[in-house]
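Pasting start-v9.txt here (compact mmCIF, C-alpha atoms):
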```txt
# COMPACT_ATOMS: atom_id res chain seq x y z
CA GLY W 280 41.68 126.62 150.58
CA PHE W 281 43.69 129.81 150.79
CA TRP W 282 42.85 133.31 151.98
CA GLY W 283 45.12 135.81 150.26
CA ALA W 284 48.77 135.79 149.25
CA ALA W 285 51.98 137.80 149.49
CA PHE W 286 54.74 138.46 146.97
CA ASP W 287 58.42 138.95 147.89
CA GLY W 288 59.69 139.98 144.46
CA ARG W 289 60.09 136.44 143.19
CA TYR W 290 57.90 134.05 145.13
CA VAL W 291 54.16 134.11 145.77
CA TYR W 292 53.15 132.75 149.17
CA PHE W 293 49.59 131.43 149.40
CA VAL W 294 48.05 131.88 152.84
CA PRO W 295 46.54 128.68 154.30
CA LEU W 296 43.08 128.85 155.82
CA ASP W 297 41.60 125.35 155.70
CA ASP W 298 41.65 122.10 153.76
CA GLY W 299 37.91 121.83 153.40
CA SER W 300 37.33 120.12 156.72
CA ALA W 301 39.74 121.73 159.21
CA TYR W 302 42.07 124.69 159.54
CA THR W 303 45.56 124.14 158.15
CA GLY W 304 49.03 125.66 158.32
CA LYS W 305 50.33 124.34 155.02
CA VAL W 306 51.92 127.27 153.17
CA LEU W 307 52.23 126.96 149.38
CA ARG W 308 54.94 128.87 147.49
CA TYR W 309 55.18 129.51 143.75
CA ASP W 310 58.40 130.56 141.99
CA THR W 311 57.40 133.12 139.35
CA GLN W 312 60.64 132.47 137.44
CA GLY W 313 59.39 128.99 136.64
CA ARG W 314 56.52 127.75 134.52
CA PHE W 315 53.22 127.68 136.35
CA THR W 316 52.57 124.12 135.21
CA ASP W 317 55.98 122.76 136.28
CA ALA W 318 55.99 120.89 139.58
CA SER W 319 59.48 122.25 140.30
CA SER W 320 58.05 125.78 140.46
CA TRP W 321 56.06 124.84 143.55
CA SER W 322 57.05 124.07 147.11
CA GLY W 323 55.16 123.62 150.34
CA TYR W 324 55.87 124.04 154.00
CA ASN W 325 53.76 122.87 156.91
CA ALA W 326 54.09 125.61 159.51
CA SER W 327 51.43 124.20 161.83
CA GLY W 328 54.07 122.79 164.19
CA THR W 329 55.83 126.11 164.71
CA SER W 330 56.09 126.75 168.46
CA PRO W 331 53.79 127.01 170.39
CA GLY W 332 51.97 124.74 167.96
CA ASN W 333 48.54 124.66 166.36
CA MET W 334 49.55 127.34 163.87
CA LYS W 335 46.56 126.83 161.62
CA GLY W 336 44.09 129.10 159.92
CA PHE W 337 45.30 132.44 158.55
CA ALA W 338 43.66 135.27 156.62
CA GLY W 339 45.98 137.33 154.48
CA ALA W 340 49.65 138.20 154.76
CA ALA W 341 52.01 141.17 154.53
CA PHE W 342 55.62 141.45 153.36
CA ASP W 343 58.08 143.96 154.84
CA GLY W 344 61.03 143.37 152.51
CA ARG W 345 62.40 140.44 154.49
CA TYR W 346 59.61 138.64 156.32
CA ILE W 347 56.16 137.38 155.46
CA TYR W 348 53.61 137.91 158.26
CA PHE W 349 50.58 135.62 158.27
CA VAL W 350 47.50 137.14 159.88
CA PRO W 351 45.76 134.92 162.48
CA TYR W 352 42.17 134.03 161.71
CA SER W 353 41.75 130.97 163.94
CA SER W 354 45.40 130.63 164.98
CA GLN W 355 46.26 131.99 168.43
CA SER W 356 49.56 133.38 167.15
CA MET W 357 50.91 135.37 164.23
CA LEU W 358 53.25 133.42 161.96
CA ARG W 359 56.39 134.97 160.46
CA ILE W 360 58.39 133.32 157.69
CA ASP W 361 61.83 134.48 156.58
CA ALA W 362 61.62 134.98 152.81
CA PHE W 363 65.39 134.49 152.56
CA SER W 364 65.10 131.10 154.26
CA PRO W 365 61.46 129.99 154.15
CA THR W 366 61.88 127.08 156.55
CA VAL W 367 62.84 129.55 159.30
CA THR W 368 59.62 130.44 161.06
CA ARG W 369 58.68 132.19 164.25
CA SER W 370 55.42 132.90 166.03
CA PHE W 371 54.34 135.93 168.04
CA ASP W 372 51.53 135.97 170.57
CA GLY W 373 52.25 138.97 172.77
CA TRP W 374 48.79 140.36 172.14
CA PRO W 375 47.75 143.56 173.91
CA ARG W 376 45.61 142.82 176.97
CA GLU W 377 42.95 145.30 175.93
CA VAL W 378 42.33 143.53 172.62
CA THR W 379 39.80 140.70 172.80
CA ARG W 380 40.48 138.08 170.17
CA THR W 381 37.61 135.72 169.56
CA ALA W 382 37.30 133.19 166.76
CA LYS W 383 37.95 134.73 163.35
CA ALA W 384 39.88 137.54 164.98
CA PHE W 385 41.39 139.32 161.97
CA GLY W 386 40.35 139.51 158.34
CA THR W 387 43.64 140.55 156.75
CA GLY W 388 46.77 142.63 157.30
CA SER W 389 48.96 145.24 155.63
CA PHE W 390 52.44 146.74 155.88
CA ASP W 391 52.90 150.50 156.01
CA GLY W 392 56.17 150.55 154.06
CA ASN W 393 58.11 151.61 157.14
CA ARG W 394 58.18 149.23 160.12
CA THR W 395 54.57 148.51 161.08
CA VAL W 396 52.37 145.54 160.20
CA TRP W 397 48.66 146.15 160.77
CA PHE W 398 46.05 143.52 161.60
CA HIS W 399 42.56 144.53 160.49
CA PRO W 400 39.86 143.32 162.90
CA LEU W 401 37.15 141.00 161.73
CA ASN W 402 35.79 139.90 165.12
CA ALA W 403 38.55 141.29 167.37
CA ASN W 404 37.50 144.41 169.27
CA GLY W 405 40.49 146.46 168.17
CA VAL W 406 43.14 147.09 165.56
CA VAL W 407 46.58 145.63 166.36
CA SER W 408 49.91 146.97 165.11
CA PHE W 409 53.12 144.95 165.17
CA ASP W 410 56.45 146.80 165.21
CA ALA W 411 58.77 144.77 162.98
CA VAL W 412 61.83 146.23 164.73
CA SER W 413 60.91 146.10 168.43
CA LEU W 414 58.63 143.05 167.88
CA GLU W 415 55.98 144.62 170.11
CA MET W 416 52.23 144.60 169.58
CA THR W 417 49.95 147.56 170.35
CA GLY W 418 46.17 147.71 170.50
CA HIS W 419 44.14 150.58 169.05
CA LEU W 420 40.52 150.88 170.20
CA SER W 421 39.61 154.55 169.67
CA TRP W 422 36.67 153.69 167.41
CA PRO W 423 34.50 156.44 165.90
CA SER W 424 31.32 157.23 167.81
CA GLY W 425 28.50 154.92 166.83
CA LEU W 426 30.64 152.04 165.63
CA ALA W 427 30.28 149.00 167.84
CA ALA W 428 33.74 147.60 168.54
CA ALA W 429 32.21 144.28 169.54
CA SER W 430 30.29 143.90 166.28
CA THR W 431 31.21 140.89 164.18
CA ASP W 432 32.75 140.60 160.75
CA LYS W 433 33.66 144.28 160.67
CA PHE W 434 36.44 144.71 158.11
CA ILE W 435 38.15 142.65 155.42
CA GLY W 436 40.98 144.28 153.58
CA GLY W 437 42.50 147.71 153.43
CA ALA W 438 45.85 149.43 153.06
CA THR W 439 47.92 152.38 154.23
CA ASP W 440 47.96 155.64 152.30
CA ALA W 441 50.74 158.12 151.53
CA ALA W 442 50.50 159.54 155.07
CA ASN W 443 50.84 156.02 156.54
CA ASP W 444 47.25 156.19 157.75
CA LEU W 445 45.45 152.86 157.79
CA TRP W 446 42.18 152.46 155.89
CA MET W 447 39.93 149.52 156.79
CA VAL W 448 37.42 148.31 154.22
CA SER W 449 33.88 147.59 155.37
CA TYR W 450 32.57 144.05 155.24
CA ASN W 451 29.68 144.28 157.71
CA ALA W 452 30.65 147.56 159.36
CA ASP W 453 28.42 150.45 158.34
CA ARG W 454 31.40 152.60 157.40
CA VAL W 455 34.97 152.68 156.18
CA VAL W 456 37.38 153.57 159.01
CA ARG W 457 40.63 155.49 158.84
CA TYR W 458 43.23 155.21 161.61
CA ARG W 459 45.52 158.24 161.73
CA CYS W 460 48.99 157.01 162.59
CA CYS W 461 50.21 160.31 164.03
CA SER W 462 47.34 161.08 166.42
CA GLY W 463 45.84 157.64 166.95
CA ALA W 464 42.38 158.99 166.11
CA MET W 465 39.90 157.02 164.03
CA THR W 466 37.48 158.57 161.56
CA GLY W 467 34.49 156.87 159.96
CA TYR W 468 33.28 157.52 156.42
CA GLN W 469 29.71 156.48 155.69
CA ASP W 470 28.48 159.10 153.21
CA TRP W 471 27.95 156.44 150.58
CA PRO W 472 27.48 157.51 146.95
CA ALA W 473 24.02 158.49 145.76
CA GLY W 474 22.12 155.45 144.54
CA PHE W 475 24.42 153.02 146.37
CA THR W 476 23.05 150.99 149.26
CA LYS W 477 25.58 149.64 151.72
CA GLN W 478 24.60 146.09 152.59
CA SER W 479 26.13 143.32 154.67
CA GLU W 480 29.16 141.40 153.37
CA ALA W 481 29.81 144.38 151.12
CA PHE W 482 33.56 144.46 150.37
CA VAL W 483 36.48 142.06 150.81
CA GLY W 484 39.58 144.06 150.02
CA GLY W 485 41.05 147.41 149.16
CA VAL W 486 43.78 148.81 146.93
CA TYR W 487 45.38 152.24 147.29
CA ASP W 488 46.20 154.07 144.03
CA GLY W 489 48.17 156.98 145.45
CA ARG W 490 45.09 159.08 146.24
CA GLY W 491 42.07 156.82 146.52
CA MET W 492 41.15 153.55 148.18
CA TRP W 493 39.35 151.18 145.83
CA MET W 494 37.09 148.72 147.61
CA VAL W 495 36.57 145.27 146.11
CA PRO W 496 32.89 144.26 146.03
CA TYR W 497 31.66 140.95 147.39
CA ALA W 498 27.93 141.46 147.93
CA ALA W 499 28.07 145.16 147.03
CA ARG W 500 26.70 145.99 143.59
CA ALA W 501 29.44 148.44 142.67
CA VAL W 502 33.11 149.16 143.11
CA VAL W 503 33.49 152.13 145.45
CA ARG W 504 36.48 154.48 145.62
CA VAL W 505 37.16 156.64 148.67
CA ASP W 506 39.22 159.77 148.15
CA THR W 507 41.71 159.60 151.04
CA VAL W 508 42.13 163.38 151.08
CA SER W 509 38.52 164.58 150.94
CA GLY W 510 36.77 161.42 152.13
CA ASN W 511 34.35 161.60 149.21
CA MET W 512 33.08 158.33 147.75
CA LYS W 513 32.23 157.43 144.19
CA ALA W 514 30.61 154.28 142.84
CA TYR W 515 31.49 152.60 139.55
```
For this file, produce the structure as structure tokens.
Amino acid sequence: GFWGAAFDGRYVYFVPLDDGSAYTGKVLRYDTQGRFTDASSWSGYNASGTSPGNMKGFAGAAFDGRYIYFVPYSSQSMLRIDAFSPTVTRSFDGWPREVTRTAKAFGTGSFDGNRTVWFHPLNANGVVSFDAVSLEMTGHLSWPSGLAAASTDKFIGGATDAANDLWMVSYNADRVVRYRCCSGAMTGYQDWPAGFTKQSEAFVGGVYDGRGMWMVPYAARAVVRVDTVSGNMKAY
């Protein structure tokens, strides 16, 4: 199946995770100008052979206006596809030495609207940013006190706010975490709304509305919105 998708203004790219028995690199693309039920509206591309090979198993993608970046889940490299020429692919594996990437390294990614693609850690011990201009990767491990960087299944989903700060949505982590792009500091928010109990496998995505971050419930029993200015949370 697929884990997430990206939209380039015309085409929707479905992110390949597995085929039911093994990880896969088969990207599926839908042309929104065609009928959904027409075979001609669909195309596929097997990116698994992109150098250095074994490009299989991704979790989410981000679009920067030209390229689609596929976030590595089991793959050892990030995959980039040129939206202007979707058969042109490239991989990147210049991971920061301080970032430990185990299986299921990242849970999704996001683009900040400027030049940075962010990889949100699932089992990796740090956040990774990719500069779309210099093509360099940087690790960020300044976790808030009390949050175990080595904990598993930490975050799935998130987005950047108007200040270009990155918000990471809690899956198993006990808090939402904000990475401040200017200072590099991380802040945790765990003052959950009254009557709401944060449990494991809580949220699997986030959407920014211009002021608040809405967290998509998986096992959680409510939608929760975090005010990105005050840090206050409200359950719906």
- Message: Neighbouring residues of segment 408-421 of chain W were defined as those with any atom within 6 Å, considering all atoms listed in the file; residues of the same chain fewer than 3 positions away were excluded. Please report them as a PyMOL selection string.
- Response: chain W and resi 375+394-397+405
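Proximity of W:Thr387, W:Ser430, W:Thr303, W:Thr311 to Gly336 of chain W, computed with only C-alpha atoms, is greatest for W:Thr303.
Here atom CA of Ala452 of chain W and atom CA of Pro400 of chain W stand 10.7 Å from one another.
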Closest pair table for segment 287-312 of chain W residues within 12 Å of segment 356-361 of chain W, only C-alpha atoms, as a tab-separated table:
```
residue	atom	partner	partner_atom	distance
W:Asp287	CA	W:Asp361	CA	10.4
W:Tyr292	CA	W:Ile360	CA	10.0
W:Val294	CA	W:Leu358	CA	10.6
W:Pro295	CA	W:Leu358	CA	11.2
W:Gly304	CA	W:Leu358	CA	9.6
W:Lys305	CA	W:Leu358	CA	11.8
W:Val306	CA	W:Ile360	CA	9.9
W:Arg308	CA	W:Ile360	CA	11.7
```
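Reported to one decimal place, the separation of atom CA of Ala362 of chain W from atom CA of Phe398 of chain W is 19.8 Å.
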- Query: Near Ala382 of chain W, counting all atoms listed in the file, which residues have an atom at most 12 Å away, once you skip same-chain residues fewer than 3 positions from it, shown as a ChimeraX atom specification?
  - Reply: /W:336-337,351-355,379,385-386,400-404,431-432
Show me the residues around (44.1, 148.2, 160.0) - criterion: an atom at most 8 Å away, all atoms listed in the file counted - as an mmCIF file with C-alpha atoms, in the frame of the given file.
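So the final result, stored in selection.cif, reads:
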```cif
data_model
loop_
_atom_site.group_PDB
_atom_site.id
_atom_site.type_symbol
_atom_site.label_atom_id
_atom_site.label_comp_id
_atom_site.auth_asym_id
_atom_site.auth_seq_id
_atom_site.Cartn_x
_atom_site.Cartn_y
_atom_site.Cartn_z
ATOM 1 C CA GLY W 388 46.770 142.630 157.300
ATOM 2 C CA SER W 389 48.960 145.240 155.630
ATOM 3 C CA TRP W 397 48.660 146.150 160.770
ATOM 4 C CA PHE W 398 46.050 143.520 161.600
ATOM 5 C CA HIS W 399 42.560 144.530 160.490
ATOM 6 C CA PRO W 400 39.860 143.320 162.900
ATOM 7 C CA VAL W 406 43.140 147.090 165.560
ATOM 8 C CA VAL W 407 46.580 145.630 166.360
ATOM 9 C CA SER W 408 49.910 146.970 165.110
ATOM 10 C CA GLY W 437 42.500 147.710 153.430
ATOM 11 C CA ALA W 438 45.850 149.430 153.060
ATOM 12 C CA LEU W 445 45.450 152.860 157.790
ATOM 13 C CA TRP W 446 42.180 152.460 155.890
ATOM 14 C CA MET W 447 39.930 149.520 156.790
ATOM 15 C CA TYR W 458 43.230 155.210 161.610
#
```
- Item | Distance in Å - atom CA of Tyr290 of chain W versus atom CA of Val486 of chain W | 20.5 Å
- Item | Nearest to Ser479 of chain W by atom-to-atom distance, counting all atoms listed in the file, from W:Asn443, W:Phe434, W:Ser424, W:Lys513 | W:Phe434
Using all atoms listed in the file, list the residues that have an atom at most 8 Å from (38.8, 155.4, 162.3), coordinates as in the file, as a PDB file with C-alpha atoms, in the frame of the given file.
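Saved as part.pdb:
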```pdb
ATOM      1  CA  SER W 421      39.610 154.550 169.670  1.00  0.00           C
ATOM      2  CA  TRP W 422      36.670 153.690 167.410  1.00  0.00           C
ATOM      3  CA  PRO W 423      34.500 156.440 165.900  1.00  0.00           C
ATOM      4  CA  TRP W 446      42.180 152.460 155.890  1.00  0.00           C
ATOM      5  CA  VAL W 455      34.970 152.680 156.180  1.00  0.00           C
ATOM      6  CA  VAL W 456      37.380 153.570 159.010  1.00  0.00           C
ATOM      7  CA  ARG W 457      40.630 155.490 158.840  1.00  0.00           C
ATOM      8  CA  TYR W 458      43.230 155.210 161.610  1.00  0.00           C
ATOM      9  CA  ARG W 459      45.520 158.240 161.730  1.00  0.00           C
ATOM     10  CA  ALA W 464      42.380 158.990 166.110  1.00  0.00           C
ATOM     11  CA  MET W 465      39.900 157.020 164.030  1.00  0.00           C
ATOM     12  CA  THR W 466      37.480 158.570 161.560  1.00  0.00           C
ATOM     13  CA  GLY W 467      34.490 156.870 159.960  1.00  0.00           C
TER      14      GLY W 467
END
```
- Message: Let me make sure I understand: among W:Ala285, W:Val367, W:Met492, W:Ala441, which one has the smallest atom-to-atom distance to Val350 of chain W if we use all atoms listed in the file?
- Response: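 For Val350 of chain W, the nearest of the candidates is W:Ala285.
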- Hey, which of W:Thr368, W:Arg289, W:Ala501, W:Arg345 ends up closest to Trp471 of chain W? Count all atoms listed in the file.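 Going through W:Thr368, W:Arg289, W:Ala501, W:Arg345 one by one, the smallest distance to Trp471 of chain W is for W:Ala501.
Closest approach to Ala442 of chain W among W:Ala384, W:Val483, W:Val508, W:Ala498: W:Val508, based on all atoms listed in the file.
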- For Phe482 of chain W, work out the shell of residues within 9 Å, counting all atoms listed in the file and skipping chain neighbours fewer than 3 positions away, then give it as a VMD selection string. chain W and resid 434 to 436 448 to 451 479 485 494 to 499 502
- Message: Measuring between only C-alpha atoms, which one of W:Tyr468, W:Phe315, W:Trp493, W:Tyr346 shows the shortest distance to Gly425 of chain W?
- Response: W:Tyr468
Test item: axis-aligned box, all listed atoms of segment 373-378 of chain W, 5 Å on each side, centre and edges in Å rounded to one decimal, as JSON:
```
{"center_x": 47.3, "center_y": 142.1, "center_z": 174.6, "size_x": 19.9, "size_y": 16.3, "size_z": 14.8}
```
Please output segment 484-495 of chain W, rebuilt to include all heavy atoms, as a PDB file, in the frame of the given file.
```pdb
ATOM      1  N   GLY W 484      38.215 143.671 150.334  1.00  0.00           N
ATOM      2  CA  GLY W 484      39.580 144.060 150.020  1.00  0.00           C
ATOM      3  C   GLY W 484      39.642 145.497 149.571  1.00  0.00           C
ATOM      4  O   GLY W 484      38.626 146.107 149.216  1.00  0.00           O
ATOM      5  N   GLY W 485      40.851 146.052 149.610  1.00  0.00           N
ATOM      6  CA  GLY W 485      41.050 147.410 149.160  1.00  0.00           C
ATOM      7  C   GLY W 485      42.427 147.609 148.570  1.00  0.00           C
ATOM      8  O   GLY W 485      43.387 146.964 148.978  1.00  0.00           O
ATOM      9  N   VAL W 486      42.519 148.499 147.592  1.00  0.00           N
ATOM     10  CA  VAL W 486      43.780 148.810 146.930  1.00  0.00           C
ATOM     11  C   VAL W 486      43.939 150.329 146.877  1.00  0.00           C
ATOM     12  O   VAL W 486      43.011 151.042 146.475  1.00  0.00           O
ATOM     13  CB  VAL W 486      43.837 148.231 145.498  1.00  0.00           C
ATOM     14  CG1 VAL W 486      45.146 148.607 144.833  1.00  0.00           C
ATOM     15  CG2 VAL W 486      43.672 146.716 145.521  1.00  0.00           C
ATOM     16  N   TYR W 487      45.106 150.805 147.285  1.00  0.00           N
ATOM     17  CA  TYR W 487      45.380 152.240 147.290  1.00  0.00           C
ATOM     18  C   TYR W 487      46.104 152.629 146.012  1.00  0.00           C
ATOM     19  O   TYR W 487      47.092 151.998 145.621  1.00  0.00           O
ATOM     20  CB  TYR W 487      46.245 152.577 148.514  1.00  0.00           C
ATOM     21  CG  TYR W 487      46.655 154.026 148.616  1.00  0.00           C
ATOM     22  CD1 TYR W 487      45.706 155.030 148.765  1.00  0.00           C
ATOM     23  CD2 TYR W 487      47.999 154.381 148.579  1.00  0.00           C
ATOM     24  CE1 TYR W 487      46.080 156.366 148.877  1.00  0.00           C
ATOM     25  CE2 TYR W 487      48.391 155.702 148.693  1.00  0.00           C
ATOM     26  CZ  TYR W 487      47.438 156.695 148.836  1.00  0.00           C
ATOM     27  OH  TYR W 487      47.823 158.000 148.943  1.00  0.00           O
ATOM     28  N   ASP W 488      45.637 153.683 145.324  1.00  0.00           N
ATOM     29  CA  ASP W 488      46.200 154.070 144.030  1.00  0.00           C
ATOM     30  C   ASP W 488      47.081 155.322 144.087  1.00  0.00           C
ATOM     31  O   ASP W 488      47.470 155.862 143.048  1.00  0.00           O
ATOM     32  CB  ASP W 488      45.092 154.260 142.997  1.00  0.00           C
ATOM     33  CG  ASP W 488      44.193 155.472 143.297  1.00  0.00           C
ATOM     34  OD1 ASP W 488      44.473 156.216 144.267  1.00  0.00           O
ATOM     35  OD2 ASP W 488      43.220 155.678 142.548  1.00  0.00           O
ATOM     36  N   GLY W 489      47.388 155.763 145.294  1.00  0.00           N
ATOM     37  CA  GLY W 489      48.170 156.980 145.450  1.00  0.00           C
ATOM     38  C   GLY W 489      47.324 158.154 145.911  1.00  0.00           C
ATOM     39  O   GLY W 489      47.853 159.145 146.423  1.00  0.00           O
ATOM     40  N   ARG W 490      46.025 158.047 145.786  1.00  0.00           N
ATOM     41  CA  ARG W 490      45.090 159.080 146.240  1.00  0.00           C
ATOM     42  C   ARG W 490      43.807 158.457 146.785  1.00  0.00           C
ATOM     43  O   ARG W 490      43.278 158.903 147.791  1.00  0.00           O
ATOM     44  CB  ARG W 490      44.775 160.038 145.088  1.00  0.00           C
ATOM     45  CG  ARG W 490      43.638 161.034 145.348  1.00  0.00           C
ATOM     46  CD  ARG W 490      44.009 162.138 146.307  1.00  0.00           C
ATOM     47  NE  ARG W 490      42.879 163.005 146.588  1.00  0.00           N
ATOM     48  CZ  ARG W 490      42.805 164.293 146.224  1.00  0.00           C
ATOM     49  NH1 ARG W 490      43.800 164.843 145.540  1.00  0.00           N
ATOM     50  NH2 ARG W 490      41.746 165.022 146.539  1.00  0.00           N
ATOM     51  N   GLY W 491      43.335 157.420 146.131  1.00  0.00           N
ATOM     52  CA  GLY W 491      42.070 156.820 146.520  1.00  0.00           C
ATOM     53  C   GLY W 491      42.206 155.381 146.955  1.00  0.00           C
ATOM     54  O   GLY W 491      43.167 154.692 146.607  1.00  0.00           O
ATOM     55  N   MET W 492      41.245 154.934 147.766  1.00  0.00           N
ATOM     56  CA  MET W 492      41.150 153.550 148.180  1.00  0.00           C
ATOM     57  C   MET W 492      40.004 152.896 147.427  1.00  0.00           C
ATOM     58  O   MET W 492      38.849 153.290 147.564  1.00  0.00           O
ATOM     59  CB  MET W 492      40.898 153.467 149.690  1.00  0.00           C
ATOM     60  CG  MET W 492      40.782 152.048 150.229  1.00  0.00           C
ATOM     61  SD  MET W 492      42.329 151.137 150.118  1.00  0.00           S
ATOM     62  CE  MET W 492      43.324 152.121 151.254  1.00  0.00           C
ATOM     63  N   TRP W 493      40.344 151.908 146.593  1.00  0.00           N
ATOM     64  CA  TRP W 493      39.350 151.180 145.830  1.00  0.00           C
ATOM     65  C   TRP W 493      38.916 149.954 146.624  1.00  0.00           C
ATOM     66  O   TRP W 493      39.749 149.143 147.031  1.00  0.00           O
ATOM     67  CB  TRP W 493      39.918 150.739 144.484  1.00  0.00           C
ATOM     68  CG  TRP W 493      40.257 151.869 143.566  1.00  0.00           C
ATOM     69  CD1 TRP W 493      41.387 152.622 143.561  1.00  0.00           C
ATOM     70  CD2 TRP W 493      39.454 152.369 142.501  1.00  0.00           C
ATOM     71  NE1 TRP W 493      41.349 153.563 142.570  1.00  0.00           N
ATOM     72  CE2 TRP W 493      40.173 153.435 141.890  1.00  0.00           C
ATOM     73  CE3 TRP W 493      38.195 152.027 141.987  1.00  0.00           C
ATOM     74  CZ2 TRP W 493      39.670 154.146 140.803  1.00  0.00           C
ATOM     75  CZ3 TRP W 493      37.694 152.735 140.912  1.00  0.00           C
ATOM     76  CH2 TRP W 493      38.424 153.781 140.330  1.00  0.00           C
ATOM     77  N   MET W 494      37.612 149.817 146.825  1.00  0.00           N
ATOM     78  CA  MET W 494      37.090 148.720 147.610  1.00  0.00           C
ATOM     79  C   MET W 494      36.514 147.639 146.697  1.00  0.00           C
ATOM     80  O   MET W 494      35.729 147.926 145.782  1.00  0.00           O
ATOM     81  CB  MET W 494      36.041 149.227 148.593  1.00  0.00           C
ATOM     82  CG  MET W 494      36.642 150.189 149.611  1.00  0.00           C
ATOM     83  SD  MET W 494      35.508 150.621 150.938  1.00  0.00           S
ATOM     84  CE  MET W 494      34.321 151.632 150.049  1.00  0.00           C
ATOM     85  N   VAL W 495      36.921 146.405 146.966  1.00  0.00           N
ATOM     86  CA  VAL W 495      36.570 145.270 146.110  1.00  0.00           C
ATOM     87  C   VAL W 495      35.220 144.699 146.531  1.00  0.00           C
ATOM     88  O   VAL W 495      35.067 144.247 147.672  1.00  0.00           O
ATOM     89  CB  VAL W 495      37.654 144.174 146.214  1.00  0.00           C
ATOM     90  CG1 VAL W 495      37.311 142.999 145.310  1.00  0.00           C
ATOM     91  CG2 VAL W 495      39.025 144.750 145.861  1.00  0.00           C
TER      92      VAL W 495
END
```
